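Participant: So here's start-v3.cif (mmCIF, C-alpha atoms, pLDDT in the B column; chains and numbers go by the auth columns).
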data_start
#
loop_
_atom_site.group_PDB
_atom_site.id
_atom_site.type_symbol
_atom_site.label_atom_id
_atom_site.label_comp_id
_atom_site.label_asym_id
_atom_site.label_seq_id
_atom_site.Cartn_x
_atom_site.Cartn_y
_atom_site.Cartn_z
_atom_site.B_iso_or_equiv
_atom_site.auth_seq_id
_atom_site.auth_asym_id
ATOM 1 C CA MET A 1 162.370 -156.442 91.622 54.00 1 A
ATOM 2 C CA PRO A 2 162.577 -160.203 91.735 62.00 2 A
ATOM 3 C CA GLU A 3 160.802 -161.840 94.625 71.00 3 A
ATOM 4 C CA VAL A 4 163.155 -163.560 96.996 71.00 4 A
ATOM 5 C CA GLU A 5 161.860 -166.740 98.606 76.00 5 A
ATOM 6 C CA ARG A 6 162.215 -166.389 102.332 77.00 6 A
ATOM 7 C CA LYS A 7 162.749 -169.423 104.464 76.00 7 A
ATOM 8 C CA SER A 8 160.709 -169.735 107.605 76.00 8 A
ATOM 9 C CA LYS A 9 162.750 -169.221 110.739 86.00 9 A
ATOM 10 C CA ILE A 10 160.966 -172.069 112.521 86.00 10 A
ATOM 11 C CA THR A 11 160.016 -175.455 111.225 91.00 11 A
ATOM 12 C CA ALA A 12 156.423 -176.478 110.625 90.00 12 A
ATOM 13 C CA SER A 13 156.533 -179.048 113.416 94.00 13 A
ATOM 14 C CA ARG A 14 157.859 -176.450 115.862 94.00 14 A
ATOM 15 C CA LYS A 15 155.193 -174.001 114.741 94.00 15 A
ATOM 16 C CA LEU A 16 152.489 -176.664 115.251 95.00 16 A
ATOM 17 C CA MET A 17 153.868 -177.552 118.690 96.00 17 A
ATOM 18 C CA LEU A 18 153.884 -173.869 119.747 96.00 18 A
ATOM 19 C CA LYS A 19 150.348 -173.442 118.454 97.00 19 A
ATOM 20 C CA SER A 20 149.118 -176.443 120.419 97.00 20 A
ATOM 21 C CA LEU A 21 150.890 -175.177 123.550 97.00 21 A
ATOM 22 C CA MET A 22 149.266 -171.773 123.140 97.00 22 A
ATOM 23 C CA LEU A 23 145.841 -173.366 122.702 97.00 23 A
ATOM 24 C CA ALA A 24 146.375 -175.540 125.786 97.00 24 A
ATOM 25 C CA LYS A 25 147.371 -172.483 127.834 97.00 25 A
ATOM 26 C CA ALA A 26 144.394 -170.506 126.532 97.00 26 A
ATOM 27 C CA LYS A 27 142.054 -173.369 127.434 97.00 27 A
ATOM 28 C CA GLU A 28 143.573 -173.554 130.907 97.00 28 A
ATOM 29 C CA CYS A 29 143.117 -169.811 131.419 97.00 29 A
ATOM 30 C CA TRP A 30 139.541 -169.954 130.121 97.00 30 A
ATOM 31 C CA GLU A 31 138.665 -172.822 132.473 97.00 31 A
ATOM 32 C CA GLN A 32 140.193 -170.960 135.413 97.00 32 A
ATOM 33 C CA GLU A 33 138.216 -167.811 134.550 97.00 33 A
ATOM 34 C CA HIS A 34 135.059 -169.898 134.219 97.00 34 A
ATOM 35 C CA GLU A 35 135.604 -171.459 137.655 97.00 35 A
ATOM 36 C CA GLU A 36 136.263 -168.034 139.168 97.00 36 A
ATOM 37 C CA ARG A 37 133.074 -166.640 137.611 97.00 37 A
ATOM 38 C CA GLU A 38 131.050 -169.581 138.933 97.00 38 A
ATOM 39 C CA ALA A 39 132.534 -169.138 142.417 96.00 39 A
ATOM 40 C CA GLU A 40 131.774 -165.396 142.284 96.00 40 A
ATOM 41 C CA LYS A 41 128.224 -166.144 141.181 95.00 41 A
ATOM 42 C CA VAL A 42 127.690 -168.575 144.065 93.00 42 A
ATOM 43 C CA ARG A 43 129.166 -166.096 146.537 94.00 43 A
ATOM 44 C CA TYR A 44 127.036 -163.241 145.186 92.00 44 A
ATOM 45 C CA LEU A 45 123.846 -165.293 145.300 90.00 45 A
ATOM 46 C CA ALA A 46 124.575 -166.511 148.812 89.00 46 A
ATOM 47 C CA GLU A 47 125.149 -162.909 149.881 89.00 47 A
ATOM 48 C CA ARG A 48 122.088 -161.437 148.160 88.00 48 A
ATOM 49 C CA ILE A 49 119.498 -164.196 148.508 85.00 49 A
ATOM 50 C CA PRO A 50 118.614 -165.433 151.980 81.00 50 A
ATOM 51 C CA THR A 51 117.896 -169.122 152.420 83.00 51 A
ATOM 52 C CA LEU A 52 114.250 -170.023 152.180 83.00 52 A
ATOM 53 C CA GLN A 53 112.837 -171.268 155.492 84.00 53 A
ATOM 54 C CA THR A 54 109.783 -173.449 154.920 85.00 54 A
ATOM 55 C CA ARG A 55 109.987 -175.779 157.905 88.00 55 A
ATOM 56 C CA GLY A 56 107.222 -175.414 160.387 88.00 56 A
ATOM 57 C CA LEU A 57 105.039 -173.293 158.118 88.00 57 A
ATOM 58 C CA SER A 58 101.386 -174.117 157.809 92.00 58 A
ATOM 59 C CA LEU A 59 99.704 -174.779 154.491 93.00 59 A
ATOM 60 C CA SER A 60 98.239 -171.279 154.343 94.00 60 A
ATOM 61 C CA ALA A 61 101.628 -169.710 155.188 92.00 61 A
ATOM 62 C CA LEU A 62 103.267 -171.749 152.400 93.00 62 A
ATOM 63 C CA GLN A 63 100.572 -170.635 149.962 94.00 63 A
ATOM 64 C CA ASP A 64 101.126 -167.000 150.940 94.00 64 A
ATOM 65 C CA LEU A 65 104.869 -167.452 150.461 91.00 65 A
ATOM 66 C CA CYS A 66 104.253 -168.923 147.001 93.00 66 A
ATOM 67 C CA ARG A 67 102.012 -165.984 146.091 96.00 67 A
ATOM 68 C CA GLU A 68 104.706 -163.530 147.192 94.00 68 A
ATOM 69 C CA LEU A 69 107.371 -165.360 145.206 92.00 69 A
ATOM 70 C CA HIS A 70 105.177 -165.495 142.104 96.00 70 A
ATOM 71 C CA ALA A 71 104.496 -161.765 142.401 96.00 71 A
ATOM 72 C CA LYS A 72 108.221 -161.045 142.632 94.00 72 A
ATOM 73 C CA VAL A 73 108.949 -163.272 139.636 95.00 73 A
ATOM 74 C CA GLU A 74 106.239 -161.497 137.666 96.00 74 A
ATOM 75 C CA VAL A 75 107.772 -158.084 138.431 95.00 75 A
ATOM 76 C CA VAL A 76 111.231 -159.267 137.392 93.00 76 A
ATOM 77 C CA ASP A 77 109.867 -160.783 134.179 94.00 77 A
ATOM 78 C CA GLU A 78 108.095 -157.532 133.309 93.00 78 A
ATOM 79 C CA GLU A 79 111.288 -155.541 133.910 92.00 79 A
ATOM 80 C CA ARG A 80 113.314 -157.979 131.807 91.00 80 A
ATOM 81 C CA TYR A 81 110.758 -157.770 129.002 91.00 81 A
ATOM 82 C CA ASP A 82 110.811 -153.968 129.130 88.00 82 A
ATOM 83 C CA ILE A 83 114.608 -153.902 129.004 87.00 83 A
ATOM 84 C CA GLU A 84 114.692 -156.329 126.084 85.00 84 A
ATOM 85 C CA ALA A 85 112.031 -154.342 124.250 84.00 85 A
ATOM 86 C CA MET A 86 113.876 -151.066 124.807 82.00 86 A
ATOM 87 C CA SER A 87 117.210 -152.489 123.729 82.00 87 A
ATOM 88 C CA GLY A 88 115.577 -153.933 120.617 77.00 88 A
ATOM 89 C CA MET A 89 113.964 -150.585 119.841 69.00 89 A
ATOM 90 C CA GLU A 90 117.273 -148.790 120.243 68.00 90 A
ATOM 91 C CA GLY A 91 118.974 -151.234 117.912 65.00 91 A
ATOM 92 C CA ARG A 92 116.266 -150.857 115.279 68.00 92 A
ATOM 93 C CA LYS A 93 116.353 -147.065 115.624 68.00 93 A
ATOM 94 C CA LYS A 94 120.125 -147.004 115.096 66.00 94 A
ATOM 95 C CA MET A 95 119.829 -149.234 112.031 62.00 95 A
ATOM 96 C CA PHE A 96 117.049 -147.026 110.652 65.00 96 A
ATOM 97 C CA ASP A 97 119.070 -143.865 111.269 70.00 97 A
ATOM 98 C CA ALA A 98 122.117 -145.426 109.628 66.00 98 A
ATOM 99 C CA ALA A 99 120.063 -146.403 106.596 67.00 99 A
ATOM 100 C CA LYS A 100 118.685 -142.870 106.294 68.00 100 A
ATOM 101 C CA SER A 101 122.017 -141.105 106.597 63.00 101 A
ATOM 102 C CA PRO A 102 123.556 -139.924 103.316 60.00 102 A
ATOM 103 C CA THR A 103 126.999 -141.261 104.245 57.00 103 A
ATOM 104 C CA SER A 104 125.793 -144.878 104.075 47.00 104 A
ATOM 105 C CA GLN A 105 125.138 -144.688 100.320 45.00 105 A
#
Could I get this structure in the form of structure tokens?
Facilitator:
Amino acid sequence: MPEVERKSKITASRKLMLKSLMLAKAKECWEQEHEEREAEKVRYLAERIPTLQTRGLSLSALQDLCRELHAKVEVVDEERYDIEAMSGMEGRKKMFDAAKSPTSQ
């Protein structure tokens, strides 16, 4: 069967113009989603985290507040580390199991 050369239904310039329009629209949508995510983040943080009131506190009260905040940060860091360690272990375990399986050969 001889190959028949098919002509493109749209010109290269039209194709390039459509591609650039699609990229512009995609960028616009991405920017809008990004703005919405940032607004949601600000709203969520404002809802979940009360404003910090430090006016009128004595030096010892401020030091106690700092100790409390440091303790909370430490707990969150430990939890984050544990989660990262567990997720890393799961990933390594899956890779090890996949390497052991006879179907991967």
Participant: Do you know which residues are at most 12 Å from Leu52 (chain A) counting all atoms listed in the file, after dropping those on the same chain fewer than 4 positions away, and could you put them as a PyMOL selection string?
Facilitator: chain A and resi 46+57+62+65-66+69
Participant: With 5 Å on each side, where is the centre of the axis-aligned box around all listed atoms of region 18-25 of chain A, and how long are its edges in Å to one decimal, as AutoDock Vina command-line options?
Facilitator:
--center_x 149.9 --center_y -174.1 --center_z 123.1 --size_x 18.0 --size_y 14.7 --size_z 19.4
Participant: Measure the distance from CA of Arg6 (chain A) to CA of Leu18 (chain A) in Å and round it to one decimal.
Facilitator: 20.7 Å
Participant: Please measure the separation of CA of Arg67 (chain A) and CA of Thr54 (chain A), giving the value in Å to one decimal.
Facilitator: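 Taking CA of Arg67 (chain A) and CA of Thr54 (chain A), their separation equals 13.9 Å.
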Participant: Work out how far CA of His34 (chain A) is from CA of Ile83 (chain A), in Å to one decimal.
Facilitator: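 One can read the CA of Ile83 (chain A) to CA of His34 (chain A) distance as 26.5 Å.
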